[in-house]
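Everything below belongs to my_file06.cif, which stores mmCIF, C-alpha atoms.
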data_coords
loop_
_atom_site.label_atom_id
_atom_site.label_comp_id
_atom_site.auth_asym_id
_atom_site.auth_seq_id
_atom_site.Cartn_x
_atom_site.Cartn_y
_atom_site.Cartn_z
CA MET A 1 37.01 31.90 117.04
CA SER A 2 33.59 33.42 117.86
CA PHE A 3 35.02 36.82 116.95
CA LEU A 4 36.14 35.44 113.58
CA LYS A 5 32.73 33.87 112.91
CA SER A 6 30.80 37.03 113.76
CA PHE A 7 33.24 39.03 111.64
CA SER A 8 32.70 36.59 108.75
CA ARG A 9 28.92 36.89 109.04
CA LYS A 10 29.10 40.65 109.05
CA ALA A 11 31.39 40.63 106.06
CA LEU A 12 29.13 38.16 104.28
CA PHE A 13 26.09 40.31 104.99
CA VAL A 14 27.83 43.42 103.78
CA SER A 15 29.03 41.70 100.60
CA ALA A 16 25.57 40.22 100.00
CA PHE A 17 24.02 43.61 100.52
CA ALA A 18 26.50 45.15 98.16
CA LEU A 19 25.88 42.49 95.55
CA SER A 20 22.14 42.84 95.89
CA SER A 21 22.36 46.59 95.66
CA SER A 22 24.54 46.44 92.60
CA ALA A 23 22.31 43.71 91.07
CA PHE A 24 19.19 45.73 91.67
CA ALA A 25 20.95 48.73 90.32
CA GLU A 26 21.96 46.94 87.16
CA LYS A 27 19.02 44.55 86.67
CA ALA A 28 16.32 43.12 88.84
CA MET A 29 17.03 39.50 89.86
CA ASP A 30 14.64 36.77 90.93
CA LEU A 31 14.93 35.03 94.32
CA ASP A 32 16.56 31.87 93.03
CA SER A 33 19.37 33.76 91.36
CA LEU A 34 19.89 35.82 94.46
CA LEU A 35 20.05 32.70 96.66
CA LYS A 36 22.63 31.08 94.42
CA THR A 37 24.72 34.19 94.47
CA LEU A 38 24.65 34.35 98.27
CA GLU A 39 25.62 30.71 98.58
CA ALA A 40 28.58 31.16 96.25
CA GLY A 41 29.75 34.18 98.22
CA GLN A 42 29.38 32.35 101.53
CA VAL A 43 31.55 29.45 100.30
CA ALA A 44 34.28 31.82 99.09
CA GLN A 45 34.21 33.81 102.31
CA THR A 46 34.47 30.70 104.42
CA GLN A 47 37.59 29.57 102.59
CA GLU A 48 39.17 32.99 102.96
CA ASN A 49 38.41 33.07 106.68
CA LYS A 50 40.05 29.70 107.16
CA GLN A 51 43.19 30.92 105.46
CA ARG A 52 43.31 34.00 107.64
CA GLU A 53 42.76 31.94 110.76
CA ALA A 54 45.65 29.65 109.83
CA GLN A 55 47.87 32.68 109.18
CA PHE A 56 46.97 34.23 112.54
CA LYS A 57 47.80 31.01 114.34
CA SER A 58 51.18 30.73 112.66
CA GLN A 59 52.01 34.37 113.56
CA GLU A 60 50.85 33.83 117.12
CA ASN A 61 53.42 31.06 117.55
CA GLN A 62 56.12 33.27 116.07
CA GLN A 63 55.30 36.15 118.44
CA ILE A 64 55.39 33.80 121.41
CA ARG A 65 58.79 32.52 120.33
CA MET A 66 60.15 36.10 119.95
CA LEU A 67 58.78 37.01 123.37
CA ASN A 68 60.55 34.08 124.94
CA GLU A 69 63.82 35.01 123.26
CA LEU A 70 63.61 38.61 124.52
CA LYS A 71 62.87 37.46 128.06
CA SER A 72 65.89 35.19 127.91
CA GLU A 73 68.09 38.05 126.66
CA ARG A 74 66.81 40.32 129.41
CA ASN A 75 67.67 37.76 132.05
CA ASN A 76 71.16 37.36 130.61
CA GLN A 77 71.74 41.11 130.66
CA LEU A 78 70.53 41.39 134.23
CA SER A 79 72.91 38.66 135.26
CA ARG A 80 75.77 40.37 133.41
CA SER A 81 74.96 43.72 135.03
CA GLU A 82 75.09 42.18 138.47
CA ARG A 83 78.45 40.60 137.68
CA MET A 84 79.85 43.93 136.35
CA GLU A 85 78.66 45.84 139.44
CA THR A 86 80.31 43.30 141.67
CA GLN A 87 83.53 43.50 139.64
CA PHE A 88 83.46 47.33 139.71
CA GLU A 89 83.16 47.37 143.47
CA GLU A 90 86.01 44.90 143.79
CA ASN A 91 88.18 46.98 141.41
CA GLU A 92 87.52 50.15 143.40
CA ILE A 93 88.67 48.42 146.54
CA LYS A 94 91.79 47.11 144.75
CA LEU A 95 92.54 50.55 143.27
CA GLY A 96 92.27 52.23 146.66
CA ASN A 97 94.60 49.67 148.18
CA LEU A 98 97.11 50.06 145.34
CA SER A 99 97.00 53.87 145.60
CA ASP A 100 97.74 53.69 149.30
CA THR A 101 100.56 51.27 148.64
CA LEU A 102 101.97 53.55 145.91
CA SER A 103 101.85 56.60 148.17
CA LYS A 104 103.63 54.71 150.98
CA ARG A 105 106.32 53.38 148.65
CA MET A 106 106.93 56.73 146.89
CA GLY A 107 107.48 58.56 150.18
CA SER A 108 109.83 61.54 149.55
CA LEU A 109 109.83 60.87 145.81
CA LYS A 110 106.62 62.88 145.59
CA GLU A 111 108.48 66.02 146.58
CA LEU A 112 111.22 65.20 144.07
CA PHE A 113 108.73 64.75 141.26
CA GLY A 114 106.98 67.99 142.27
CA VAL A 115 110.25 69.89 142.04
CA LEU A 116 110.98 68.17 138.73
CA GLN A 117 107.57 69.20 137.40
CA GLN A 118 108.09 72.81 138.44
CA ALA A 119 111.61 72.88 136.99
CA SER A 120 110.34 71.43 133.72
CA GLY A 121 107.56 74.02 133.49
CA ASP A 122 109.90 76.93 134.22
CA ALA A 123 112.48 75.63 131.78
CA SER A 124 109.82 75.22 129.10
CA SER A 125 108.77 78.88 129.32
CA LYS A 126 112.42 79.96 129.39
CA PHE A 127 113.40 77.82 126.39
CA ARG A 128 110.40 79.00 124.38
CA THR A 129 111.63 82.63 124.39
CA SER A 130 115.38 82.00 124.43
CA VAL A 131 117.31 82.73 121.22
CA VAL A 132 119.25 79.51 121.89
CA SER A 133 116.11 77.69 120.73
CA ALA A 134 116.66 79.21 117.29
CA GLU A 135 119.63 76.84 116.96
CA PHE A 136 118.29 73.96 119.07
CA ALA A 137 114.60 73.64 118.25
CA ASN A 138 111.80 71.75 120.06
CA ARG A 139 113.45 71.95 123.48
CA SER A 140 110.33 73.40 125.06
CA ASP A 141 108.26 70.46 123.77
CA VAL A 142 110.46 68.05 125.70
CA MET A 143 110.01 70.07 128.88
CA ASP A 144 106.24 70.31 128.36
CA GLU A 145 105.98 66.55 127.96
CA MET A 146 108.02 66.04 131.12
CA ALA A 147 105.81 68.46 133.09
CA LYS A 148 102.67 66.66 131.91
CA LYS A 149 104.13 63.31 132.87
CA MET A 150 105.02 64.58 136.33
CA GLY A 151 101.50 65.97 136.75
CA SER A 152 99.97 62.58 136.02
CA THR A 153 99.61 60.07 138.86
CA SER A 154 99.76 57.10 136.50
CA LYS A 155 103.24 57.82 135.09
CA LEU A 156 106.56 58.18 136.84
CA ALA A 157 109.76 59.74 135.52
CA SER A 158 112.56 57.40 134.68
CA ILE A 159 116.25 58.02 135.20
CA GLU A 160 116.55 58.86 131.49
CA ASP A 161 113.80 61.50 131.80
CA ILE A 162 115.48 63.14 134.79
CA GLU A 163 118.83 63.13 132.98
CA LYS A 164 117.19 64.70 129.93
CA VAL A 165 115.95 67.63 132.05
CA TRP A 166 119.39 68.03 133.58
CA PHE A 167 121.01 67.91 130.15
CA GLU A 168 118.76 70.61 128.68
CA LEU A 169 119.31 72.91 131.65
CA GLN A 170 123.07 72.38 131.46
CA ARG A 171 123.08 72.98 127.69
CA GLU A 172 121.15 76.23 128.14
CA MET A 173 123.72 77.49 130.67
CA THR A 174 126.62 76.40 128.48
CA GLU A 175 125.25 77.95 125.27
CA GLN A 176 124.60 81.27 127.01
CA GLY A 177 128.35 81.75 127.26
CA LYS A 178 129.15 80.82 123.65
CA VAL A 179 129.34 82.66 120.34
CA SER A 180 128.01 80.08 117.89
CA ARG A 181 127.85 80.02 114.10
CA TYR A 182 125.33 77.93 112.19
CA THR A 183 123.37 78.06 108.94
CA SER A 184 119.65 78.72 109.03
CA GLU A 185 116.76 80.10 106.99
CA VAL A 186 116.35 83.86 107.51
CA ILE A 187 113.33 85.89 106.42
CA VAL A 188 114.58 89.03 104.66
CA ASP A 189 112.77 92.11 103.40
CA GLY A 190 109.97 91.08 101.08
CA GLY A 191 109.12 87.91 103.01
CA SER A 192 111.44 85.53 101.16
CA LYS A 193 113.60 83.01 103.01
CA VAL A 194 117.35 82.96 102.41
CA SER A 195 119.86 80.52 103.84
CA LYS A 196 122.50 82.53 105.74
CA GLU A 197 125.24 82.05 108.28
CA VAL A 198 123.75 83.15 111.59
CA LEU A 199 125.94 84.24 114.49
CA ARG A 200 124.39 83.70 117.90
CA VAL A 201 125.86 85.73 120.76
CA GLY A 202 124.98 83.67 123.82
CA ALA A 203 121.30 84.06 124.68
CA PHE A 204 121.31 87.74 123.76
CA ASN A 205 121.37 88.47 120.03
CA LEU A 206 121.33 86.93 116.55
CA ILE A 207 123.13 88.62 113.64
CA ALA A 208 123.68 87.85 109.96
CA ASP A 209 125.45 89.92 107.30
CA GLY A 210 126.06 92.65 109.84
CA LYS A 211 122.33 93.02 110.62
CA TYR A 212 120.45 92.23 113.79
CA LEU A 213 117.89 89.42 113.65
CA THR A 214 114.81 88.63 115.69
CA TYR A 215 113.59 85.19 116.75
CA SER A 216 109.87 84.40 116.78
CA PRO A 217 109.13 81.52 119.21
CA GLU A 218 105.53 81.19 117.95
CA THR A 219 106.59 80.25 114.41
CA ASN A 220 110.16 79.17 115.25
CA THR A 221 111.52 81.48 112.52
CA ILE A 222 114.36 84.00 112.27
CA ALA A 223 113.84 87.31 110.48
CA GLU A 224 115.81 90.46 109.86
CA LEU A 225 114.70 93.48 111.80
CA THR A 226 112.75 95.69 109.42
CA ARG A 227 114.42 98.65 111.08
CA GLN A 228 118.02 98.34 112.15
CA PRO A 229 119.71 100.33 114.96
CA VAL A 230 122.14 103.16 114.25
CA ALA A 231 125.22 102.61 112.10
CA ARG A 232 127.68 102.14 114.97
CA PHE A 233 125.72 99.15 116.28
CA GLN A 234 125.55 97.60 112.82
CA GLN A 235 129.28 98.15 112.41
CA SER A 236 129.98 96.33 115.67
CA ALA A 237 127.81 93.44 114.47
CA ALA A 238 129.69 93.29 111.16
CA ASP A 239 133.05 93.38 112.98
CA LEU A 240 131.99 90.53 115.26
CA GLN A 241 130.77 88.37 112.40
CA GLY A 242 133.93 88.97 110.42
CA ALA A 243 136.27 88.25 113.34
CA THR A 244 137.87 84.82 113.69
CA SER A 245 139.75 85.36 116.96
CA GLY A 246 140.46 87.93 119.63
CA LYS A 247 138.07 90.38 121.22
CA VAL A 248 135.56 92.56 119.42
CA ASP A 249 133.40 95.30 120.90
CA PHE A 250 129.77 94.38 120.41
CA ALA A 251 126.53 95.99 121.60
CA LEU A 252 124.36 93.16 122.94
CA ASP A 253 120.88 93.17 124.38
CA PRO A 254 120.77 91.50 127.83
CA THR A 255 116.98 91.25 127.64
CA GLY A 256 117.08 88.96 124.60
CA GLY A 257 115.61 91.51 122.18
CA SER A 258 113.28 93.72 124.22
CA ILE A 259 115.63 96.70 124.48
CA LEU A 260 116.66 96.30 120.86
CA GLY A 261 113.01 96.35 119.80
CA LEU A 262 112.45 99.59 121.70
CA LEU A 263 115.70 101.07 120.40
CA VAL A 264 114.84 100.60 116.75
CA GLN A 265 111.39 102.12 117.33
CA ALA A 266 112.88 105.37 118.57
CA PRO A 267 112.76 108.03 115.82
CA ASN A 268 116.05 109.10 114.29
CA THR A 269 117.15 112.70 113.74
CA LYS A 270 115.45 112.99 110.37
CA GLU A 271 112.14 111.67 111.74
CA GLN A 272 112.33 114.00 114.72
CA VAL A 273 112.83 116.96 112.41
CA GLU A 274 109.87 115.83 110.32
CA GLN A 275 107.74 115.76 113.47
CA GLY A 276 108.31 119.49 113.81
CA GLY A 277 106.22 120.14 110.72
CA VAL A 278 106.24 123.47 108.88
CA VAL A 279 107.44 125.45 111.91
CA GLY A 280 110.37 123.10 112.32
CA TYR A 281 111.44 123.55 108.72
CA VAL A 282 111.16 127.34 109.09
CA ILE A 283 113.40 127.22 112.16
CA LEU A 284 115.97 125.13 110.31
CA ALA A 285 115.86 127.50 107.34
CA VAL A 286 116.41 130.50 109.60
CA GLY A 287 119.23 128.68 111.36
CA ALA A 288 120.87 127.83 108.05
CA LEU A 289 120.63 131.48 107.03
CA ALA A 290 122.27 132.56 110.29
CA LEU A 291 125.02 129.99 109.79
CA LEU A 292 125.74 131.20 106.26
CA ILE A 293 125.84 134.83 107.38
CA ALA A 294 128.10 133.95 110.31
CA LEU A 295 130.41 132.02 108.01
CA GLU A 296 130.61 134.93 105.58
CA ARG A 297 131.24 137.38 108.41
CA PHE A 298 133.89 135.16 109.96
CA VAL A 299 135.81 134.88 106.70
CA SER A 300 135.44 138.60 105.94
CA LEU A 301 136.57 139.70 109.39
CA MET A 302 139.46 137.26 109.34
CA LEU A 303 140.69 138.59 105.99
CA MET A 304 140.06 142.16 107.13
CA GLY A 305 142.00 141.58 110.34
CA ALA A 306 144.93 140.10 108.41
CA LYS A 307 145.06 143.18 106.15
CA ILE A 308 144.86 145.54 109.14
CA LYS A 309 147.77 143.70 110.80
CA ARG A 310 149.83 144.10 107.63
CA GLN A 311 148.89 147.79 107.52
CA LEU A 312 150.09 148.25 111.08
CA LYS A 313 153.54 147.15 109.96
CA ASP A 314 153.54 149.42 106.89
CA LYS A 315 153.67 153.23 107.15
CA VAL A 316 152.25 153.70 103.64
CA ALA A 317 148.46 153.81 103.73
CA LYS A 318 146.64 151.46 101.34
CA ASP A 319 143.03 151.43 100.18
CA ASP A 320 142.51 147.63 100.57
CA ASN A 321 141.81 147.78 104.33
CA PRO A 322 139.87 150.02 106.74
CA LEU A 323 142.95 151.15 108.64
CA GLY A 324 144.67 152.27 105.44
CA ARG A 325 141.63 154.26 104.42
CA VAL A 326 141.50 155.93 107.84
CA MET A 327 145.23 156.72 107.70
CA LYS A 328 144.82 158.39 104.32
CA VAL A 329 142.67 161.07 105.95
CA LYS A 330 145.87 162.41 107.59
CA ASP A 331 147.51 162.73 104.20
CA GLN A 332 144.44 164.33 102.67
CA TYR A 333 144.35 167.07 105.33
CA PRO A 334 147.98 167.78 106.24
CA ASP A 335 147.49 171.37 107.40
CA VAL A 336 144.21 171.28 109.37
CA ALA A 337 144.13 171.64 113.10
CA TYR A 338 144.12 168.54 115.24
CA ASP A 339 140.50 169.05 116.35
CA THR A 340 139.38 169.24 112.72
CA LEU A 341 141.48 166.19 111.93
CA GLU A 342 139.81 164.42 114.82
CA LEU A 343 136.41 165.03 113.28
CA LYS A 344 137.60 163.86 109.88
CA LEU A 345 139.04 160.66 111.39
CA SER A 346 135.82 160.00 113.32
CA GLU A 347 133.91 160.43 110.09
CA ALA A 348 136.20 157.91 108.33
CA ILE A 349 135.81 155.41 111.15
CA LEU A 350 132.02 155.78 110.96
CA ARG A 351 132.18 155.01 107.24
CA GLU A 352 134.13 151.81 107.94
CA MET A 353 131.90 150.69 110.81
CA PRO A 354 128.96 149.36 108.63
CA LYS A 355 131.38 147.24 106.63
CA ILE A 356 132.85 145.73 109.80
CA THR A 357 129.55 145.16 111.67
CA ARG A 358 127.45 144.22 108.61
CA ASN A 359 124.66 141.60 109.23
CA LEU A 360 125.68 141.04 112.85
CA THR A 361 122.36 142.47 113.99
CA LEU A 362 120.54 139.97 111.76
CA ILE A 363 122.38 137.11 113.46
CA LYS A 364 121.34 138.51 116.85
CA ILE A 365 117.71 138.77 115.71
CA ILE A 366 117.73 135.15 114.53
CA SER A 367 119.11 134.02 117.89
CA VAL A 368 116.14 135.70 119.57
CA VAL A 369 113.47 134.69 117.05
CA ALA A 370 114.39 130.96 116.84
CA PRO A 371 113.20 130.09 120.40
CA LEU A 372 110.03 132.08 119.81
CA LEU A 373 109.33 130.07 116.65
CA GLY A 374 109.95 126.90 118.65
CA LEU A 375 107.49 128.06 121.27
CA LEU A 376 104.96 128.80 118.53
CA GLY A 377 105.31 125.26 117.17
CA THR A 378 104.99 123.80 120.67
CA VAL A 379 101.80 125.73 121.40
CA THR A 380 100.34 124.68 118.05
CA GLY A 381 101.23 121.06 118.71
CA MET A 382 99.72 121.17 122.19
CA ILE A 383 96.49 122.54 120.73
CA ASN A 384 96.35 119.60 118.32
CA THR A 385 97.09 117.20 121.18
CA PHE A 386 94.26 118.54 123.32
CA GLN A 387 91.92 118.34 120.35
CA ALA A 388 92.84 114.67 119.94
CA ILE A 389 92.23 114.11 123.66
CA THR A 390 88.83 115.74 123.29
CA LEU A 391 87.95 113.32 120.49
CA PHE A 392 89.48 110.08 121.81
CA GLY A 393 89.72 110.69 125.57
CA THR A 394 92.64 110.05 127.90
CA GLY A 395 92.42 106.27 127.92
CA ASP A 396 95.58 105.84 125.88
CA PRO A 397 98.65 107.47 127.53
CA LYS A 398 100.69 106.86 124.37
CA LEU A 399 98.44 109.23 122.45
CA MET A 400 99.13 112.06 124.89
CA ALA A 401 102.84 111.28 125.21
CA GLY A 402 103.28 111.08 121.43
CA GLY A 403 101.46 114.37 120.84
CA ILE A 404 103.40 116.22 123.55
CA SER A 405 106.69 114.77 122.29
CA THR A 406 105.92 115.95 118.76
CA ALA A 407 104.96 119.39 120.05
CA LEU A 408 108.23 119.78 121.98
CA VAL A 409 110.31 119.00 118.89
CA THR A 410 109.94 122.58 117.64
CA THR A 411 111.16 123.93 120.99
CA VAL A 412 114.21 121.71 120.72
CA LEU A 413 114.86 122.89 117.18
CA GLY A 414 114.50 126.51 118.25
CA LEU A 415 117.02 126.04 121.05
CA VAL A 416 119.36 124.11 118.78
CA VAL A 417 119.39 127.06 116.40
CA ALA A 418 119.44 129.81 119.06
CA ILE A 419 122.28 128.51 121.27
CA PRO A 420 125.01 128.28 118.60
CA THR A 421 123.72 131.46 116.97
CA VAL A 422 124.25 133.36 120.22
CA PHE A 423 127.81 132.02 120.41
CA LEU A 424 128.49 132.97 116.79
CA TYR A 425 127.10 136.45 117.32
CA THR A 426 129.24 136.92 120.41
CA ILE A 427 132.41 135.79 118.66
CA LEU A 428 131.80 137.90 115.55
CA ASN A 429 130.75 140.95 117.58
CA THR A 430 133.90 140.68 119.69
CA ARG A 431 136.08 140.37 116.59
CA SER A 432 134.44 143.36 114.92
CA ARG A 433 134.80 145.45 118.07
CA ASN A 434 138.47 144.55 118.23
CA LEU A 435 138.94 145.83 114.69
CA LEU A 436 137.08 149.05 115.50
CA LEU A 437 139.26 149.51 118.59
CA ILE A 438 142.34 149.22 116.40
CA LEU A 439 140.96 151.93 114.12
CA GLN A 440 140.12 154.18 117.08
CA GLU A 441 143.51 153.55 118.65
CA GLN A 442 145.38 154.45 115.47
CA SER A 443 143.10 157.48 115.00
CA ALA A 444 143.93 158.68 118.50
CA GLY A 445 147.62 158.26 117.75
CA ILE A 446 147.32 160.33 114.58
CA ILE A 447 145.50 163.11 116.47
CA ALA A 448 148.13 163.10 119.20
CA GLU A 449 150.88 163.32 116.64
CA ARG A 450 149.20 166.27 114.89
CA SER A 451 148.62 167.98 118.23
CA GLU A 452 152.31 167.71 119.08
CA LYS A 453 153.27 169.24 115.75
CA GLY A 454 150.85 172.12 116.26
CA ALA A 455 152.24 172.83 119.70
#
This structure in structure tokens:
Amino acid sequence: MSFLKSFSRKALFVSAFALSSSAFAEKAMDLDSLLKTLEAGQVAQTQENKQREAQFKSQENQQIRMLNELKSERNNQLSRSERMETQFEENEIKLGNLSDTLSKRMGSLKELFGVLQQASGDASSKFRTSVVSAEFANRSDVMDEMAKKMGSTSKLASIEDIEKVWFELQREMTEQGKVSRYTSEVIVDGGSKVSKEVLRVGAFNLIADGKYLTYSPETNTIAELTRQPVARFQQSAADLQGATSGKVDFALDPTGGSILGLLVQAPNTKEQVEQGGVVGYVILAVGALALLIALERFVSLMLMGAKIKRQLKDKVAKDDNPLGRVMKVKDQYPDVAYDTLELKLSEAILREMPKITRNLTLIKIISVVAPLLGLLGTVTGMINTFQAITLFGTGDPKLMAGGISTALVTTVLGLVVAIPTVFLYTILNTRSRNLLLILQEQSAGIIAERSEKGA
């Protein structure tokens, strides 16, 4: 109260001073007017102070009431906390006792549930990658749920759960020995999905329309291989899908698709030839030229040999074969000595020799040049490979293996051309020599006959 009174006096003094200052500023006042003004202000200030005092008292009671309520709430919470701590300690003791009781009662079941958890986990990973899951979906989810349940100490497997694991394992073994047909969505070239009849060969392969399929366990989808194996494998797949009974030869992948994926990645003959580059095409062109020449020579020598055989049976010399033309020399020089006739016959045989041995030397040259061209391509490819190693290092073995493989393609092409060319040259050279021997033999006979006449 004293604080309020002193505050009121100070406020009254300040207001009186302000009023007096403003009054003197506006107009000088006499003492009576100033006294009246101060009295009026003091009355008004007193009333205002009483109102404030009443308001402060009412708020003081309210604050005291709120303080009491908060103290009561605090006491209640402390009591509740003590009760909860006591209950928590009691629950821990009960939980420990129950855990011990559970462990004693489970006994050997713990080992059983451990084996069941391991079997479920192994089966889940197996089912996730098995092509059988393409027909029977969500099998791995069941095994995952079982493994999680076995890993939890608060849940135990029921008889139904154990039988479910046994059933899935038994179904996997049974389906691995079956050839099953079912309809499913297949992703074809272009990304569109088409409903097709899918043939599942055990746990090895999936085929549809004579094409091999691949199963993606991540998306649970079936798609055609963008690159199919060679024609004979596709034909076996088509035969199997079209068969209704009996046995059909089929090329299956025991790894579930790994070998098939590597097989389709291997380059075919056309791609291997393309890896040879310009040198490879030059080798093939040279080989084709040698083949054409050999074919022409083979036909010519065969026809020539047939005509010579006919001439051997006919005593009348003809101009359509080398032997006939050689025999005509005897008729052209009937009176010359046998040594002169021998020279004339040798001259005739020499004229026929280029026709018989024509282009054989070119075939021999090609058989020698083809491996050299292959070696040239290999050396060039190895240079490019070592340049790539210089740029990218040796961290990636596939880079080195791929470059060396490409470089060796030209060597293979050179050998492929050279080996048959050598055989062709040998055969044609032997045939031509046989024809020349016939001419020389007949020429020797003619000379002997003329010598006998001269004697």
Contacts of stretch 407-410 of chain A within 10 Å, all atoms listed in the file, excl. fewer than 5 positions in-chain, as a PDB file with C-alpha atoms, in the frame of the given file:
ATOM      1  CA  GLN A 272     112.330 114.000 114.720  1.00  0.00           C
ATOM      2  CA  VAL A 273     112.830 116.960 112.410  1.00  0.00           C
ATOM      3  CA  GLU A 274     109.870 115.830 110.320  1.00  0.00           C
ATOM      4  CA  GLN A 275     107.740 115.760 113.470  1.00  0.00           C
ATOM      5  CA  GLY A 276     108.310 119.490 113.810  1.00  0.00           C
ATOM      6  CA  GLY A 277     106.220 120.140 110.720  1.00  0.00           C
ATOM      7  CA  VAL A 278     106.240 123.470 108.880  1.00  0.00           C
ATOM      8  CA  VAL A 279     107.440 125.450 111.910  1.00  0.00           C
ATOM      9  CA  GLY A 280     110.370 123.100 112.320  1.00  0.00           C
ATOM     10  CA  TYR A 281     111.440 123.550 108.720  1.00  0.00           C
ATOM     11  CA  VAL A 282     111.160 127.340 109.090  1.00  0.00           C
ATOM     12  CA  ILE A 283     113.400 127.220 112.160  1.00  0.00           C
ATOM     13  CA  LEU A 284     115.970 125.130 110.310  1.00  0.00           C
ATOM     14  CA  ALA A 370     114.390 130.960 116.840  1.00  0.00           C
ATOM     15  CA  PRO A 371     113.200 130.090 120.400  1.00  0.00           C
ATOM     16  CA  LEU A 372     110.030 132.080 119.810  1.00  0.00           C
ATOM     17  CA  LEU A 373     109.330 130.070 116.650  1.00  0.00           C
ATOM     18  CA  GLY A 374     109.950 126.900 118.650  1.00  0.00           C
ATOM     19  CA  LEU A 375     107.490 128.060 121.270  1.00  0.00           C
ATOM     20  CA  LEU A 376     104.960 128.800 118.530  1.00  0.00           C
ATOM     21  CA  GLY A 377     105.310 125.260 117.170  1.00  0.00           C
ATOM     22  CA  THR A 378     104.990 123.800 120.670  1.00  0.00           C
ATOM     23  CA  VAL A 379     101.800 125.730 121.400  1.00  0.00           C
ATOM     24  CA  THR A 380     100.340 124.680 118.050  1.00  0.00           C
ATOM     25  CA  GLY A 381     101.230 121.060 118.710  1.00  0.00           C
ATOM     26  CA  MET A 382      99.720 121.170 122.190  1.00  0.00           C
ATOM     27  CA  ILE A 383      96.490 122.540 120.730  1.00  0.00           C
ATOM     28  CA  ASN A 384      96.350 119.600 118.320  1.00  0.00           C
ATOM     29  CA  THR A 385      97.090 117.200 121.180  1.00  0.00           C
ATOM     30  CA  ALA A 401     102.840 111.280 125.210  1.00  0.00           C
ATOM     31  CA  GLY A 402     103.280 111.080 121.430  1.00  0.00           C
ATOM     32  CA  LEU A 415     117.020 126.040 121.050  1.00  0.00           C
ATOM     33  CA  VAL A 416     119.360 124.110 118.780  1.00  0.00           C
TER      34      VAL A 416
END
Selected residue, from A:Leu240, A:Ala123, A:Leu70, A:Val165, that lies nearest to A:Ser180 when counting all atoms listed in the file: A:Leu240
Minimum-distance residue to A:Glu218, chosen among A:Asn205, A:Ser140, A:Thr269, A:Gln51 (using only C-alpha atoms): A:Ser140
What is the distance between atom CA of A:Glu73 and atom CA of A:Ser58, in Å to one decimal?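 Between atom CA of A:Glu73 and atom CA of A:Ser58 the gap is 23.1 Å.
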Calculate how many Å separate atom CA of A:Arg232 from atom CA of A:Ala208, rounding to one decimal.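 It comes out at 15.7 Å.
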Have a look at A:Val368, A:Leu199, A:Pro217, A:Glu441 and name the one nearest to A:Leu312; count all atoms listed in the file.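 So, comparing all the options, the nearest one is A:Glu441.
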Given the file shown, enumerate the residues that the PyMOL selection byres ((chain A and resi 423-427) around 10) captures and present them as a PyMOL selection string. chain A and resi 290-291+293-295+297-298+359-367+418-422+428-433
Can you tell me, as a list in words, which residues sit within 6 Å of (112.4, 84.6, 110.7) in the file's frame, using all atoms listed in the file? Val186, Ile187, Thr221, Ile222 and Ala223 of chain A
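For the file shown, the residue list from the PyMOL selection byres ((chain A and resi 249-265) around 7) reads Ala203, Phe204, Asn205, Arg227, Gln228, Pro229, Phe233, Ser236, Ala237, Leu240, Lys247, Val248, Ala266 and Pro267 of chain A.
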To verify the selection step, state as a PyMOL selection string which residues the PyMOL selection byres ((chain A and resi 313-319) around 12) yields on this input. chain A and resi 304+306-312+320-332+352+442
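Using all atoms listed in the file, the smallest distance between any of A:Leu341, A:Ala238, A:Leu206, A:Leu98 and A:Ala448 comes from A:Leu341.
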Neighbours of stretch 189-197 of chain A within 9 Å (only C-alpha atoms; same-chain residues fewer than 5 positions away dropped), as a list in words? Arg181, Tyr182, Thr183, Ser184, Ile207, Ala208, Asp209, Ala223, Glu224, Leu225 and Thr226 of chain A
Expressed in Å to a single decimal, how great is the separation between atom CA of A:Lys178 and atom CA of A:Ser245?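 A separation of 13.3 Å between them.
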Env of A:Gly202: 6 Å cut, atoms = only C-alpha atoms, seq-sep filter 6 positions within chain, self excluded. Answer as a ChimeraX atom specification. /A:175-179
Between A:Val369, A:Val417, A:Ile356, A:Leu78, which is the closest to A:Leu437 once you count only C-alpha atoms? A:Ile356
For A:Ser120, list every protein, DNA or RNA residue within 10 Å, evaluated using all atoms listed in the file, and leave out those in the same chain fewer than 4 positions away; present the list as a PyMOL selection string. chain A and resi 114-116+124-126+140+142-148+150+162+165-166+168-169
Just the selected residues (C-alpha atoms), exported as a compact mmCIF listing (two decimals), keeping the file's coordinate frame, please.
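Output contents, as saved in out.txt:
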# COMPACT_ATOMS: atom_id res chain seq x y z
CA GLY A 114 106.98 67.99 142.27
CA VAL A 115 110.25 69.89 142.04
CA LEU A 116 110.98 68.17 138.73
CA SER A 124 109.82 75.22 129.10
CA SER A 125 108.77 78.88 129.32
CA LYS A 126 112.42 79.96 129.39
CA SER A 140 110.33 73.40 125.06
CA VAL A 142 110.46 68.05 125.70
CA MET A 143 110.01 70.07 128.88
CA ASP A 144 106.24 70.31 128.36
CA GLU A 145 105.98 66.55 127.96
CA MET A 146 108.02 66.04 131.12
CA ALA A 147 105.81 68.46 133.09
CA LYS A 148 102.67 66.66 131.91
CA MET A 150 105.02 64.58 136.33
CA ILE A 162 115.48 63.14 134.79
CA VAL A 165 115.95 67.63 132.05
CA TRP A 166 119.39 68.03 133.58
CA GLU A 168 118.76 70.61 128.68
CA LEU A 169 119.31 72.91 131.65
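Each of A:Leu391, A:Lys344, A:Leu413, A:Ser103 was compared to A:Ser443 using only C-alpha atoms, and A:Lys344 turns out to be the nearest.
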Point (143.6, 173.5, 114.0) neighbourhood (12 Å, all atoms listed in the file) written as a list in words: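 I get Tyr333, Pro334, Asp335, Val336, Ala337, Tyr338, Asp339, Thr340, Leu341, Glu342, Leu343, Ile447, Arg450, Ser451, Glu452, Lys453, Gly454 and Ala455 of chain A for the residues within 12 Å of that point.
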